[in-house]
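Asker: Sharing structure00.txt here; it has compact mmCIF, C-alpha atoms.
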```txt
# COMPACT_ATOMS: atom_id res chain seq x y z
CA MET N 1 1.79 -4.07 -7.16
CA ILE N 2 5.05 -5.99 -7.43
CA ARG N 3 5.79 -6.95 -3.87
CA PRO N 4 8.92 -8.07 -2.02
CA LEU N 5 10.07 -11.64 -2.60
CA LEU N 6 6.77 -12.80 -4.02
CA ILE N 7 7.58 -13.10 -7.67
CA ALA N 8 10.46 -15.30 -6.59
CA LEU N 9 8.05 -17.63 -4.87
CA LEU N 10 5.68 -17.57 -7.80
CA ALA N 11 8.52 -18.35 -10.16
CA ILE N 12 9.35 -21.58 -8.35
CA ALA N 13 6.30 -23.03 -10.02
CA ALA N 14 7.48 -21.92 -13.47
CA PRO N 15 11.25 -21.51 -13.38
CA THR N 16 13.32 -19.82 -16.06
CA PRO N 17 17.07 -20.18 -16.58
CA LEU N 18 19.30 -18.05 -14.39
CA VAL N 19 21.64 -15.87 -16.40
CA ALA N 20 25.22 -15.95 -15.16
CA GLN N 21 26.26 -12.84 -13.35
CA GLY N 22 29.50 -12.19 -15.21
CA ALA N 23 30.82 -8.72 -14.50
CA PRO N 24 28.27 -6.76 -12.45
CA ALA N 25 26.77 -3.60 -13.87
CA PRO N 26 28.77 -0.44 -13.15
CA ALA N 27 28.28 1.07 -9.73
CA PRO N 28 25.76 3.93 -9.67
CA ASP N 29 27.15 7.46 -9.52
CA TYR N 30 24.94 9.09 -6.93
CA ALA N 31 25.92 12.56 -8.09
CA ASN N 32 23.71 11.76 -11.09
CA PRO N 33 20.02 12.35 -10.23
CA ASP N 34 19.07 9.43 -12.49
CA THR N 35 20.57 7.01 -9.95
CA TRP N 36 17.90 8.00 -7.42
CA LEU N 37 14.47 6.43 -7.35
CA CYS N 38 13.15 9.35 -5.30
CA ARG N 39 14.53 12.81 -4.71
CA PRO N 40 12.71 15.92 -3.49
CA GLY N 41 11.75 18.68 -5.90
CA ARG N 42 10.83 16.54 -8.88
CA ALA N 43 8.01 14.34 -10.15
CA ASP N 44 8.92 10.69 -9.55
CA SER N 45 7.64 7.57 -7.80
CA CYS N 46 7.37 9.39 -4.50
CA THR N 47 4.92 11.88 -5.98
CA ALA N 48 2.52 9.08 -7.02
CA ASP N 49 -1.15 9.43 -6.11
CA GLN N 50 -1.71 8.55 -2.44
CA SER N 51 -5.42 9.27 -2.25
CA ALA N 52 -7.44 6.73 -0.28
CA THR N 53 -11.06 5.69 -0.03
CA VAL N 54 -12.04 5.59 3.64
CA ILE N 55 -14.52 2.75 4.16
CA LYS N 56 -16.16 2.60 7.57
CA ALA N 57 -17.72 -0.44 9.18
CA ASP N 58 -21.19 0.71 8.14
CA GLY N 59 -20.07 0.72 4.49
CA SER N 60 -20.06 4.50 4.13
CA ARG N 61 -17.27 5.94 2.01
CA SER N 62 -15.33 9.16 1.66
CA ILE N 63 -12.22 10.17 -0.24
CA GLU N 64 -9.14 11.20 1.73
CA ALA N 65 -6.97 13.47 -0.37
CA PHE N 66 -3.21 13.58 0.07
CA ALA N 67 -0.72 16.41 -0.10
CA ALA N 68 3.04 16.35 0.39
CA ASP N 69 4.63 18.98 2.61
CA PRO N 70 6.53 21.35 0.31
CA SER N 71 8.46 22.73 3.30
CA ALA N 72 9.31 19.49 5.09
CA LYS N 73 11.76 20.04 7.93
CA PHE N 74 13.29 16.57 8.04
CA ASP N 75 14.36 13.84 5.64
CA CYS N 76 13.54 10.18 5.05
CA PHE N 77 16.11 7.81 3.52
CA TYR N 78 14.29 4.80 2.05
CA VAL N 79 15.74 1.51 0.81
CA TYR N 80 13.29 -0.65 -1.10
CA PRO N 81 12.80 -4.40 -0.75
CA THR N 82 13.49 -7.21 -3.21
CA VAL N 83 11.56 -6.30 -6.35
CA SER N 84 13.92 -6.56 -9.33
CA ILE N 85 12.88 -9.11 -11.94
CA GLU N 86 16.04 -8.65 -13.98
CA PRO N 87 17.51 -12.04 -15.01
CA THR N 88 20.92 -11.61 -13.35
CA PRO N 89 21.66 -12.37 -9.69
CA ASN N 90 22.31 -8.69 -8.97
CA ALA N 91 20.19 -5.95 -10.50
CA SER N 92 21.66 -3.39 -12.87
CA GLY N 93 20.72 -0.43 -10.67
CA ARG N 94 18.60 1.01 -13.48
CA LEU N 95 15.07 2.25 -12.89
CA THR N 96 12.30 -0.18 -13.88
CA GLY N 97 8.59 -0.39 -13.23
CA ALA N 98 9.16 -2.65 -10.23
CA GLU N 99 11.08 0.00 -8.29
CA LYS N 100 8.57 2.69 -9.27
CA GLN N 101 5.65 0.64 -8.00
CA VAL N 102 7.12 -0.32 -4.65
CA ALA N 103 8.20 3.26 -3.89
CA ALA N 104 4.68 4.47 -4.64
CA PHE N 105 3.36 1.76 -2.30
CA GLN N 106 5.82 2.10 0.58
CA ALA N 107 7.64 5.45 0.50
CA ALA N 108 5.49 8.11 -1.13
CA ARG N 109 3.12 8.53 1.81
CA PHE N 110 6.01 9.68 3.99
CA THR N 111 6.24 12.84 1.86
CA LYS N 112 3.31 14.08 3.93
CA HIS N 113 5.97 15.18 6.41
CA CYS N 114 9.50 14.57 5.06
CA ARG N 115 11.70 14.85 2.00
CA VAL N 116 12.27 11.34 0.66
CA PHE N 117 15.61 10.19 -0.74
CA ALA N 118 15.68 6.67 -2.20
CA PRO N 119 18.73 5.37 -4.09
CA LEU N 120 18.58 2.81 -6.84
CA TYR N 121 20.96 -0.03 -6.02
CA ARG N 122 22.22 -3.31 -7.42
CA GLN N 123 20.09 -5.45 -5.17
CA VAL N 124 19.95 -9.23 -5.08
CA THR N 125 17.16 -9.98 -7.55
CA LEU N 126 14.01 -12.03 -7.32
CA THR N 127 15.59 -14.27 -9.95
CA ALA N 128 18.42 -15.09 -7.58
CA LEU N 129 16.09 -15.59 -4.62
CA ARG N 130 13.88 -17.88 -6.65
CA ASP N 131 16.86 -20.10 -7.43
CA LEU N 132 18.07 -19.95 -3.85
CA LEU N 133 14.67 -21.07 -2.59
CA ALA N 134 14.72 -23.86 -5.16
CA GLY N 135 18.08 -25.10 -3.85
CA LYS N 136 20.11 -24.03 -6.87
CA PRO N 137 23.58 -22.47 -6.65
CA VAL N 138 23.42 -18.69 -6.75
CA ASN N 139 26.29 -16.25 -7.24
CA ALA N 140 24.51 -13.09 -6.16
CA ASP N 141 26.69 -10.66 -4.23
CA ARG N 142 25.03 -8.98 -1.25
CA THR N 143 28.14 -6.87 -0.73
CA ILE N 144 27.47 -5.07 -4.02
CA ALA N 145 23.98 -4.13 -2.84
CA TYR N 146 25.20 -2.92 0.55
CA ASP N 147 28.12 -0.96 -0.88
CA ASP N 148 25.77 0.89 -3.24
CA VAL N 149 23.47 1.98 -0.42
CA LYS N 150 26.43 2.93 1.75
CA ARG N 151 27.81 5.17 -1.03
CA ALA N 152 24.35 6.67 -1.59
CA TRP N 153 24.12 7.43 2.14
CA GLN N 154 27.54 9.04 2.12
CA HIS N 155 26.64 11.12 -0.92
CA TYR N 156 23.39 12.20 0.71
CA LEU N 157 25.22 13.26 3.87
CA ALA N 158 27.79 15.25 1.90
CA ALA N 159 25.50 16.87 -0.68
CA ASP N 160 21.95 16.98 0.65
CA ASN N 161 21.68 16.61 4.41
CA HIS N 162 22.99 19.95 5.72
CA GLY N 163 22.48 18.86 9.33
CA ARG N 164 18.86 17.78 8.94
CA GLY N 165 17.38 14.95 10.98
CA VAL N 166 16.78 11.68 9.12
CA VAL N 167 14.36 8.78 9.41
CA LEU N 168 15.73 5.57 7.88
CA ILE N 169 12.99 3.43 6.29
CA GLY N 170 13.33 -0.04 4.82
CA HIS N 171 11.53 -3.27 4.16
CA SER N 172 12.84 -6.82 3.71
CA GLN N 173 16.16 -6.69 1.80
CA GLY N 174 16.15 -2.92 2.24
CA SER N 175 15.80 -3.29 6.00
CA GLY N 176 18.63 -5.82 6.10
CA ILE N 177 20.91 -3.39 4.29
CA LEU N 178 19.95 -0.53 6.58
CA LYS N 179 20.55 -2.75 9.61
CA GLN N 180 24.13 -3.25 8.44
CA LEU N 181 24.49 0.45 7.62
CA ILE N 182 23.35 1.46 11.10
CA ALA N 183 25.68 -1.05 12.78
CA GLU N 184 28.72 0.04 10.77
CA GLU N 185 28.16 3.73 10.04
CA ILE N 186 25.72 5.16 12.63
CA ASP N 187 25.47 3.19 15.88
CA GLY N 188 27.61 5.00 18.44
CA LYS N 189 29.21 7.18 15.74
CA PRO N 190 28.92 10.90 14.92
CA ALA N 191 26.17 10.30 12.33
CA GLN N 192 23.89 9.03 15.10
CA LYS N 193 23.16 12.61 16.10
CA LEU N 194 21.19 12.93 12.82
CA LEU N 195 19.09 9.82 13.44
CA ILE N 196 15.47 10.64 14.22
CA SER N 197 14.55 6.97 14.06
CA ALA N 198 15.05 3.82 12.03
CA MET N 199 12.00 1.94 10.74
CA LEU N 200 13.12 -1.52 9.64
CA MET N 201 10.13 -3.70 8.78
CA GLY N 202 10.22 -7.27 7.52
CA THR N 203 13.60 -8.18 8.98
CA ASN N 204 14.94 -9.59 12.25
CA VAL N 205 16.86 -7.24 14.55
CA ALA N 206 18.28 -8.93 17.65
CA VAL N 207 17.79 -7.40 21.10
CA PRO N 208 18.41 -8.98 24.52
CA ALA N 209 15.26 -10.59 25.88
CA GLY N 210 13.41 -8.11 28.09
CA LYS N 211 15.61 -5.16 27.09
CA ASP N 212 15.44 -2.35 24.55
CA VAL N 213 19.08 -1.99 23.57
CA GLY N 214 21.98 -4.31 22.87
CA GLY N 215 22.25 -7.13 20.38
CA ASP N 216 22.63 -5.93 16.79
CA PHE N 217 22.79 -2.28 17.92
CA LYS N 218 24.70 -1.06 20.96
CA ALA N 219 23.42 2.50 21.19
CA VAL N 220 20.12 2.52 19.25
CA PRO N 221 17.27 1.42 21.55
CA LEU N 222 13.74 0.39 20.64
CA CYS N 223 11.24 3.25 20.34
CA ARG N 224 8.86 3.31 23.32
CA LYS N 225 7.48 6.87 23.17
CA ALA N 226 6.22 9.04 20.33
CA ASP N 227 8.68 11.79 21.22
CA GLN N 228 11.69 9.49 21.56
CA THR N 229 14.51 9.99 19.06
CA GLY N 230 17.49 8.00 17.85
CA CYS N 231 15.50 4.80 18.27
CA LEU N 232 14.31 1.75 16.33
CA VAL N 233 10.95 0.48 15.08
CA SER N 234 11.09 -3.07 13.74
CA TYR N 235 8.63 -5.93 13.37
CA VAL N 236 7.50 -8.83 11.20
CA THR N 237 3.81 -9.53 10.73
CA PHE N 238 1.69 -12.66 11.11
CA ARG N 239 -2.02 -13.21 11.54
CA ARG N 240 -2.90 -13.81 15.17
CA ASP N 241 -4.62 -17.08 14.24
CA ALA N 242 -1.69 -18.17 12.02
CA PRO N 243 1.50 -17.70 14.08
CA PRO N 244 4.96 -18.48 12.68
CA PRO N 245 5.55 -22.19 12.15
CA GLU N 246 8.82 -23.62 13.40
CA THR N 247 10.23 -23.45 9.87
CA SER N 248 9.78 -19.67 9.56
CA ARG N 249 12.83 -17.41 9.36
CA PHE N 250 10.86 -14.35 10.42
CA GLY N 251 10.55 -13.23 14.03
CA VAL N 252 13.46 -15.30 15.34
CA VAL N 253 17.21 -14.73 15.76
CA ALA N 254 20.08 -17.15 16.25
CA GLN N 255 21.95 -15.32 19.02
CA PRO N 256 21.52 -16.95 22.45
CA GLY N 257 19.56 -14.83 24.90
CA MET N 258 18.27 -12.60 22.12
CA VAL N 259 14.84 -12.12 20.55
CA ALA N 260 13.68 -10.44 17.37
CA ALA N 261 12.72 -6.84 18.05
CA CYS N 262 9.02 -6.07 17.86
CA VAL N 263 7.81 -2.48 18.20
CA ASN N 264 4.17 -1.78 17.38
CA PRO N 265 3.87 1.74 15.92
CA ALA N 266 0.25 1.84 17.05
CA ALA N 267 1.15 0.97 20.67
CA LEU N 268 4.78 1.81 21.40
CA GLY N 269 4.45 0.91 25.06
CA GLY N 270 2.92 -2.48 24.34
CA GLY N 271 -0.56 -3.93 24.19
CA LYS N 272 -3.14 -4.27 21.46
CA ALA N 273 -4.32 -1.30 19.41
CA LEU N 274 -6.32 -0.47 16.31
CA THR N 275 -4.06 0.44 13.39
CA ASP N 276 -4.14 3.32 10.94
CA ASN N 277 -3.97 1.16 7.84
CA TYR N 278 -3.56 2.07 4.17
CA LEU N 279 -4.06 -1.07 2.10
CA GLY N 280 -3.69 -1.50 -1.63
CA THR N 281 -7.10 -1.28 -3.25
CA HIS N 282 -6.51 -4.44 -5.26
CA GLY N 283 -4.48 -6.27 -2.63
CA ALA N 284 -0.80 -7.04 -2.28
CA GLY N 285 -0.10 -8.18 -5.83
CA LEU N 286 1.48 -11.24 -7.38
CA ALA N 287 1.60 -14.40 -5.28
CA SER N 288 -0.70 -12.81 -2.70
CA SER N 289 -3.96 -14.18 -1.45
CA ALA N 290 -6.81 -12.29 -3.08
CA GLN N 291 -8.43 -9.20 -1.64
CA ALA N 292 -12.19 -9.61 -1.26
CA PRO N 293 -14.50 -6.78 -2.40
CA TRP N 294 -14.29 -4.02 0.17
CA THR N 295 -18.04 -3.97 0.68
CA LYS N 296 -20.58 -6.74 0.24
CA ASP N 297 -22.30 -4.89 -2.61
CA GLY N 298 -19.07 -5.19 -4.63
CA ALA N 299 -18.96 -1.46 -5.37
CA PRO N 300 -15.66 -0.51 -7.06
CA VAL N 301 -13.00 1.64 -5.41
CA THR N 302 -11.40 4.30 -7.63
CA THR N 303 -8.43 5.33 -5.47
CA PRO N 304 -5.13 3.40 -5.24
CA PHE N 305 -5.52 2.88 -1.48
CA VAL N 306 -8.22 1.94 1.00
CA LYS N 307 -8.27 3.03 4.62
CA ALA N 308 -10.48 0.84 6.82
CA PRO N 309 -10.88 2.37 10.29
CA GLY N 310 -11.29 -0.18 13.04
CA LEU N 311 -10.78 -3.18 10.77
CA ILE N 312 -7.28 -4.18 11.95
CA SER N 313 -5.75 -4.52 15.41
CA ALA N 314 -2.14 -5.38 16.12
CA GLU N 315 -0.06 -6.42 19.12
CA CYS N 316 3.53 -7.49 19.63
CA VAL N 317 3.53 -11.02 21.04
CA LYS N 318 6.10 -13.65 21.95
CA GLN N 319 5.32 -17.27 21.24
CA GLY N 320 8.05 -19.80 21.85
CA ARG N 321 11.16 -18.66 19.97
CA PHE N 322 9.22 -16.10 17.94
CA SER N 323 8.55 -12.43 18.53
CA TYR N 324 6.26 -10.76 16.02
CA LEU N 325 3.39 -8.36 15.31
CA ALA N 326 0.15 -10.32 15.57
CA VAL N 327 -2.60 -8.91 13.35
CA THR N 328 -6.30 -9.41 14.02
CA VAL N 329 -9.00 -8.62 11.47
CA ASN N 330 -11.98 -7.36 13.44
CA ALA N 331 -14.57 -9.15 11.37
CA ASP N 332 -18.28 -8.43 11.79
CA PRO N 333 -20.43 -10.53 9.45
CA ALA N 334 -23.37 -8.26 10.27
CA ASP N 335 -21.85 -5.14 8.74
CA PRO N 336 -21.40 -4.47 5.00
CA ARG N 337 -17.61 -4.05 5.06
CA THR N 338 -15.25 -6.90 4.15
CA ASP N 339 -14.28 -9.33 6.90
CA THR N 340 -10.98 -10.33 5.29
CA ILE N 341 -7.76 -8.75 4.06
CA GLY N 342 -5.37 -10.20 1.50
CA GLY N 343 -1.65 -10.40 2.04
CA ASP N 344 -0.70 -14.01 2.69
CA VAL N 345 1.90 -15.44 0.33
CA GLU N 346 0.04 -17.90 -1.89
CA VAL N 347 1.56 -20.11 -4.58
CA ASN N 348 -0.59 -22.45 -6.67
CA GLY N 349 -3.44 -22.02 -4.21
CA VAL N 350 -1.30 -22.90 -1.17
CA ILE N 351 -0.62 -20.32 1.54
CA LEU N 352 3.02 -20.34 2.64
CA LYS N 353 2.60 -19.85 6.37
CA GLU N 354 6.34 -19.28 6.96
CA TRP N 355 6.01 -15.84 5.33
CA GLY N 356 3.08 -14.57 7.37
CA LEU N 357 1.82 -11.18 6.18
CA HIS N 358 5.24 -10.11 4.86
CA LEU N 359 3.55 -8.50 1.88
CA ILE N 360 1.68 -6.00 4.00
CA ASP N 361 4.12 -5.42 6.86
CA MET N 362 3.96 -1.69 6.13
CA PRO N 363 0.37 -1.17 4.86
CA VAL N 364 -1.26 -2.58 8.03
CA GLU N 365 0.36 0.28 10.02
CA MET N 366 1.29 2.81 7.33
CA GLY N 367 -0.54 5.75 8.88
CA ASN N 368 1.00 4.98 12.27
CA LEU N 369 4.49 4.85 10.76
CA VAL N 370 4.04 8.15 8.93
CA GLU N 371 2.68 10.02 11.94
CA LEU N 372 5.27 8.50 14.27
CA SER N 373 8.03 9.74 11.98
CA ASN N 374 6.56 13.23 12.30
CA SER N 375 6.15 13.21 16.09
CA GLU N 376 9.69 11.92 16.53
CA ALA N 377 10.98 14.54 14.10
CA LYS N 378 9.27 17.33 16.06
CA ALA N 379 11.02 16.12 19.21
CA TRP N 380 14.36 15.93 17.35
CA LEU N 381 13.91 19.46 15.99
CA ARG N 382 13.12 20.82 19.47
CA ALA N 383 16.12 19.09 20.97
CA ASN N 384 18.38 20.45 18.25
CA GLY N 385 17.05 24.01 18.33
CA ARG N 386 15.60 23.85 14.82
```
In structure tokens, write the structure found in this file.
Answerer:
Amino acid sequence: MIRPLLIALLAIAAPTPLVAQGAPAPAPDYANPDTWLCRPGRADSCTADQSATVIKADGSRSIEAFAADPSAKFDCFYVYPTVSIEPTPNASGRLTGAEKQVAAFQAARFTKHCRVFAPLYRQVTLTALRDLLAGKPVNADRTIAYDDVKRAWQHYLAADNHGRGVVLIGHSQGSGILKQLIAEEIDGKPAQKLLISAMLMGTNVAVPAGKDVGGDFKAVPLCRKADQTGCLVSYVTFRRDAPPPETSRFGVVAQPGMVAACVNPAALGGGKALTDNYLGTHGAGLASSAQAPWTKDGAPVTTPFVKAPGLISAECVKQGRFSYLAVTVNADPADPRTDTIGGDVEVNGVILKEWGLHLIDMPVEMGNLVELSNSEAKAWLRANGR
């Protein structure tokens, strides 16, 4: 899988020239179905195979089939993370393999319960981020990316929504764009009545310390119950035994008196809980630490995903300036299942601790996110007489 921000980090070790932006590619026309990565009613990246091999602690295996709901009663609006490997600072907005792969990895499983809409957009590319991380001047335009998603959202509301409830889903750059969209177009505005919840992983959302609302959003609180609506799920992920170093930009905000929001989908009220994980069979992709064989006998896995019940626990913790989702791998050397998961950012054999488990922010709790979206949607439908 091509994963958010990682190719940029990998490319630092083998840089290529940055092509000048020049005039950006034309803005997508969202009335054209080809400008959408995912739309309901067609075969696309969000109809990719989501079958999973369930591997229990005793090494036993079973196949979990997947089926989308053809009569889904609510919608999901997904904005993908930084994946474009186009050579310009802003992407063209055209469909490439990178966008297809990340949608299959992050968005397709939500079709179990909702219709997924995912616009293509002229995002800031991995090429630009690579140069930025290397200290080079970059003329990428984040406004272009945001304006595309804003127009896609407006088109969706006008042409496709028809009063349906919506779950907003993003990761990394996608979450940052949705954070701005919520602040400017939804928070405290008429469109908020459509918001089932917002799931913004891999970005920092500021909230007042000890409170659930305020900060970046004035009327969208953190989700604390499975039947709460109009609320926010947000977190960044680190291993419990490898917390954010002081140089990390994840899990910390600049505003005085504020902390980065952390809501654990597996334990909305707080505390530690086992997660309903769906991990990539072959790991998190380029620039990721390797995934060990799933069982000690090295037997191959034939599905694109692995579900490992009981293997991962997670808890929102605060350590110094940082607030984050701490992940524990419940290793048992005596059983035949793997004792490790991949997902750390690794470049030239060195793990970049500042990034934590950014690559698998969503997979470590994917089942929890999907089922939470459904329970919240049921509450929204009841409240709105649907």
Asker: Find the spatial neighbours of segment 352-354 of chain N, counting all atoms listed in the file, within a cut-off of 8 Å - ignore same-chain residues fewer than 4 positions away - and output them as a list in words.
Answerer: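 After dropping sequence-adjacent residues, the list is Ala242, Pro244, Pro245, Thr247, Ser248, Arg249, Phe250, Asp344, Val345, Glu346 and Val347 of chain N.
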Asker: Enumerate, as a VMD selection string, the protein, DNA and RNA residues whose atoms approach (1.9, -16.2, 14.9) to within 12 Å, taking into account all atoms listed in the file and the coordinate frame of the file.
Answerer: chain N and resid 236 to 246 248 250 to 252 314 to 328 353 to 357
Asker: Is there a way to get, as number ranges by chain, all residues within 7 Å of the point (17.8, 1.9, 18.1) in file coordinates, counting all atoms listed in the file?
Answerer: N: 198, 213, 217, 219-222, 230-232
Asker: Go ahead and save the residues from that selection, with C-alpha atoms, as a compact mmCIF listing (two decimals), in the coordinates of the input.
Answerer:
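The new file selection-v6.txt reads:
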```
# COMPACT_ATOMS: atom_id res chain seq x y z
CA ALA N 198 15.05 3.82 12.03
CA VAL N 213 19.08 -1.99 23.57
CA PHE N 217 22.79 -2.28 17.92
CA ALA N 219 23.42 2.50 21.19
CA VAL N 220 20.12 2.52 19.25
CA PRO N 221 17.27 1.42 21.55
CA LEU N 222 13.74 0.39 20.64
CA GLY N 230 17.49 8.00 17.85
CA CYS N 231 15.50 4.80 18.27
CA LEU N 232 14.31 1.75 16.33
```
Asker: My list of candidates is N:Tyr30, N:Phe77, N:Phe117, N:Tyr146. Which is closest to Leu195 of chain N when distances are computed with all atoms listed in the file?
Answerer: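 When distances to Leu195 of chain N are compared using all atoms listed in the file, the smallest one comes from N:Phe77.
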Asker: For each of N:Leu359, N:Leu194, N:Ala43, N:Val166, take the minimum atom-to-atom distance to Val83 of chain N, counting all atoms listed in the file, then give the residue where this is smallest.
Answerer: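 Looking at the shortest contact to Val83 of chain N, the residue is N:Leu359.
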Asker: Closest to Pro81 of chain N among N:Ala57, N:Ala287, N:Ala145, N:Ala52, using only C-alpha atoms?
Answerer: N:Ala145
Asker: If I take atom CA of Pro363 of chain N and atom CA of Gly214 of chain N, how far is one from the other in Å, to one decimal?
Answerer: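 Going from atom CA of Pro363 of chain N over to atom CA of Gly214 of chain N covers 28.3 Å.
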Asker: Could you name the residues that touch Lys112 of chain N at 8 Å or less, counting all atoms listed in the file, but leaving out those on the same chain fewer than 3 positions away, as a list of chain:residue names?
Answerer: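 Here the answer would be N:Phe66, N:Ala67, N:Ala68, N:Asp69, N:Arg109, N:Val370.
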Asker: What is the atom CA of Thr96 of chain N to atom CA of Pro300 of chain N distance in Å?
Answerer: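 Rounded to one decimal, the two atoms are 28.8 Å apart.
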Asker: Could you jot down the atom CA of Glu371 of chain N to atom CA of Gly170 of chain N separation for me, Å, one decimal place?
Answerer: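 Those two atoms sit 16.3 Å apart.
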Asker: Nearest to Gly271 of chain N: which of N:Arg224, N:Lys136, N:Gly257, N:Ala331 is it, counting all atoms listed in the file?
Answerer: N:Arg224
Asker: Of the candidates N:Asp160, N:Asp187, N:Asp227, N:Asp29, which one gets nearest to Gly215 of chain N if we count only C-alpha atoms?
Answerer: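 Among the listed residues, the smallest separation from Gly215 of chain N belongs to N:Asp187.
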Asker: As a ChimeraX atom specification, please: the residues near Thr303 of chain N (cut-off 12 Å, only C-alpha atoms, same-chain neighbours under 2 positions excluded).
Answerer: /N:48-55,61-66,278-282,300-301,305-307
Asker: May I ask which of the residues N:Ala377, N:Leu37, N:Leu95, N:Leu157 is the closest one to Pro190 of chain N, counting all atoms listed in the file?
Answerer: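 Nearest to Pro190 of chain N: N:Leu157.
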Asker: Excluding segment 272-277 of chain N and any residue of its chain fewer than 6 positions from it, enumerate the residues within 8 Å of it, using all atoms listed in the file, and give them as JSON, numbers by chain.
Answerer: {"N": [266, 307, 308, 309, 310, 311, 312, 313, 314, 315, 316, 363, 364, 365, 366, 367, 368]}
Asker: Would you export the selected residues with C-alpha atoms as a PDB file, in the coordinates of the input, please?
Answerer:
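What ended up in result-v1.pdb:
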```pdb
ATOM      1  CA  ALA N 266       0.250   1.840  17.050  1.00  0.00           C
ATOM      2  CA  LYS N 307      -8.270   3.030   4.620  1.00  0.00           C
ATOM      3  CA  ALA N 308     -10.480   0.840   6.820  1.00  0.00           C
ATOM      4  CA  PRO N 309     -10.880   2.370  10.290  1.00  0.00           C
ATOM      5  CA  GLY N 310     -11.290  -0.180  13.040  1.00  0.00           C
ATOM      6  CA  LEU N 311     -10.780  -3.180  10.770  1.00  0.00           C
ATOM      7  CA  ILE N 312      -7.280  -4.180  11.950  1.00  0.00           C
ATOM      8  CA  SER N 313      -5.750  -4.520  15.410  1.00  0.00           C
ATOM      9  CA  ALA N 314      -2.140  -5.380  16.120  1.00  0.00           C
ATOM     10  CA  GLU N 315      -0.060  -6.420  19.120  1.00  0.00           C
ATOM     11  CA  CYS N 316       3.530  -7.490  19.630  1.00  0.00           C
ATOM     12  CA  PRO N 363       0.370  -1.170   4.860  1.00  0.00           C
ATOM     13  CA  VAL N 364      -1.260  -2.580   8.030  1.00  0.00           C
ATOM     14  CA  GLU N 365       0.360   0.280  10.020  1.00  0.00           C
ATOM     15  CA  MET N 366       1.290   2.810   7.330  1.00  0.00           C
ATOM     16  CA  GLY N 367      -0.540   5.750   8.880  1.00  0.00           C
ATOM     17  CA  ASN N 368       1.000   4.980  12.270  1.00  0.00           C
TER      18      ASN N 368
END
```
Asker: Neighbours of Ala104 of chain N within 10 Å (all atoms listed in the file; same-chain residues fewer than 4 positions away dropped), as a PyMOL selection string?
Answerer: chain N and resi 1+38+44-50+99-100+108-109+304
Asker: Complete the atom set of segment 368-380 of chain N to N, CA and C atoms and return it as a compact mmCIF listing (two decimals), in the frame of the given file.
Answerer:
```txt
# COMPACT_ATOMS: atom_id res chain seq x y z
N ASN N 368 0.28 4.89 11.00
CA ASN N 368 1.00 4.98 12.27
C ASN N 368 2.47 5.28 12.05
N LEU N 369 3.08 4.62 11.06
CA LEU N 369 4.49 4.85 10.76
C LEU N 369 4.73 6.29 10.33
N VAL N 370 3.88 6.79 9.45
CA VAL N 370 4.04 8.15 8.93
C VAL N 370 3.92 9.18 10.04
N GLU N 371 2.89 9.04 10.88
CA GLU N 371 2.68 10.02 11.94
C GLU N 371 3.72 9.88 13.05
N LEU N 372 4.19 8.66 13.30
CA LEU N 372 5.27 8.50 14.27
C LEU N 372 6.53 9.18 13.79
N SER N 373 6.84 9.06 12.51
CA SER N 373 8.03 9.74 11.98
C SER N 373 7.94 11.24 12.24
N ASN N 374 6.74 11.79 12.11
CA ASN N 374 6.56 13.23 12.30
C ASN N 374 6.67 13.63 13.77
N SER N 375 6.07 12.85 14.66
CA SER N 375 6.15 13.21 16.09
C SER N 375 7.58 13.08 16.59
N GLU N 376 8.29 12.06 16.14
CA GLU N 376 9.69 11.92 16.53
C GLU N 376 10.53 13.06 15.96
N ALA N 377 10.22 13.45 14.72
CA ALA N 377 10.98 14.54 14.10
C ALA N 377 10.75 15.86 14.85
N LYS N 378 9.54 16.11 15.29
CA LYS N 378 9.27 17.33 16.06
C LYS N 378 10.11 17.35 17.33
N ALA N 379 10.21 16.20 18.00
CA ALA N 379 11.02 16.12 19.21
C ALA N 379 12.49 16.34 18.87
N TRP N 380 12.97 15.77 17.77
CA TRP N 380 14.36 15.93 17.35
C TRP N 380 14.64 17.40 17.03
```
